[in-house]
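Data block below; observations after.
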Amino acid sequence: MWILTVDGGGSKTLARLTDTVSGRQWQQQAGPASLTNDFALALHNINQLSTALCRDAGVDSSKLQVVMGLAGAGNPQQQQQAYAQLAPLYHSLLVTTDARTSLYGANLGQPVLVVALGTGSVAMRLLPDGTEQQIGGWGFNIGDEAGGAWLGKLAVRQLLWQVDSLDGVQSPLLQAIAGKIGHSAAQLLPWLKSAEPNDFAALAPLVFQYQRQCAVAASLLQQQTAAVSQLITQGLAHYALPVVLLGGLAADTLPLLPDSLCAQLQTARGSALDGAFILATQHHTTAETRHDG
């Protein structure tokens, strides 16, 4: 059996082709494959990777059992559009979210709570009976607490308070942010009007960078820690599960968490590609939509 697994996000896409008989693997990387950010580009990069891997392995795509974990696949319309265009190329296809493939990879298909801290935030749990449940992840407008866009928005809010105070921007963190987005209303208003979640998230690393030399940064990270703790608590509910932190903010956030939570954390045992492979071996071969529990 030939299994193609794809992990497509907002910055890059990884794909791995496995011959389950011989155990041989081929892997390549391409540009982004976020269905939300650029649907056409996502499909282009996926097809490019699939073609290259099939060529390397000397196999026709019609023989492949494929599982793709893609950013934006939680949107049923985008997911179905991707499935309609890609399914005819393969023997079988599952298009699901990158959060779900990460969930299965984090503890190699065993029960786990995964908390992903990227531009947004989401928790997903896999229970012993195989039930999958999502907690949070409602998006920038109403949720995504502890994600990069949320943290960046908090920092921008503090900058606006200081601009309004007419005392000048004193905080080292806010000076750095002002250097990127503006010092005055004339500069800030155009930025705010056009800013997307990714623009706010790009400011989040500065909060961690200045945490030891800036009271504002330290205060924002207290809110970050509380938001992560709440997301973990909500995710665990009454279940006894190991917890895995993933995403671009995970490494910087981990040292801030209280010892009581750190005791429940473990490092990921596998990647999203490993999770996609596990799903493929379970013969999930139809398009699926977001699973809310």
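In the structure tokens, chains take the letters A, B, ... in the order shown, each chain's residues start at 1, and ligands count up from 1 in the order shown.
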Exercise for the section: Would you please give, as a PyMOL selection string, all residues of segment 44-272 of chain A that DSSP assigns to strand (DSSP E) based on the backbone? Expected result: chain A and resi 64-70+92-97+112-117+121-126+132-136+243-246
Practice task
Show which residues sit within 12 Å of Glu196 of chain A, as a PyMOL selection string. Count only C-alpha atoms, and ignore same-chain residues fewer than 6 positions away.
Solution key: chain A and resi 37+119-120+139-141+148-150+152-153+202-203
Practice task
Could you tell me, as a PyMOL selection string, which residues of segment 15-143 of chain A DSSP assigns to alpha helix (DSSP H) when given the backbone?
Solution key: chain A and resi 39-57+76-86+98-106
Fill in the blank from the handout: atom CA of Ala201 of chain A to atom CA of Leu245 of chain A measures 17.8 Å
Exercise for the section: Name the residues in contact with Ala280 of chain A at a cut-off of 7 Å, using only C-alpha atoms, excluding same-chain residues fewer than 5 positions from it; report them as a PyMOL selection string. Expected result: chain A and resi 65-67
Save out the residues we just selected, C-alpha atoms, as a PDB file, in the first residue's frame.
ATOM      1  CA  GLN A  65      -4.196   6.397  -0.159  1.00  0.00           C
ATOM      2  CA  VAL A  66      -3.968  10.038   0.895  1.00  0.00           C
ATOM      3  CA  VAL A  67      -4.602  11.968   4.105  1.00  0.00           C
TER       4      VAL A  67
END
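The shortest atom-to-atom distance to Gln211 of chain A, with only C-alpha atoms taken into account, belongs to A:Leu256 out of A:Leu160, A:Ala237, A:Leu256, A:Val21.
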Counting only C-alpha atoms, give me one row per residue of segment 132-217 of chain A with an atom at most 12 Å from an atom of segment 84-107 of chain A, showing the shortest contact pair and its distance in Å to one decimal, sorted by chain then residue number, as a tab-separated table.
residue	atom	partner	partner_atom	distance
A:Glu132	CA	A:Arg100	CA	8.6
A:Gln133	CA	A:Arg100	CA	9.8
A:Gln134	CA	A:Arg100	CA	9.2
A:Ile135	CA	A:Ala99	CA	11.4
A:Gly136	CA	A:Ala99	CA	12.0
A:Gly137	CA	A:Ala99	CA	10.0
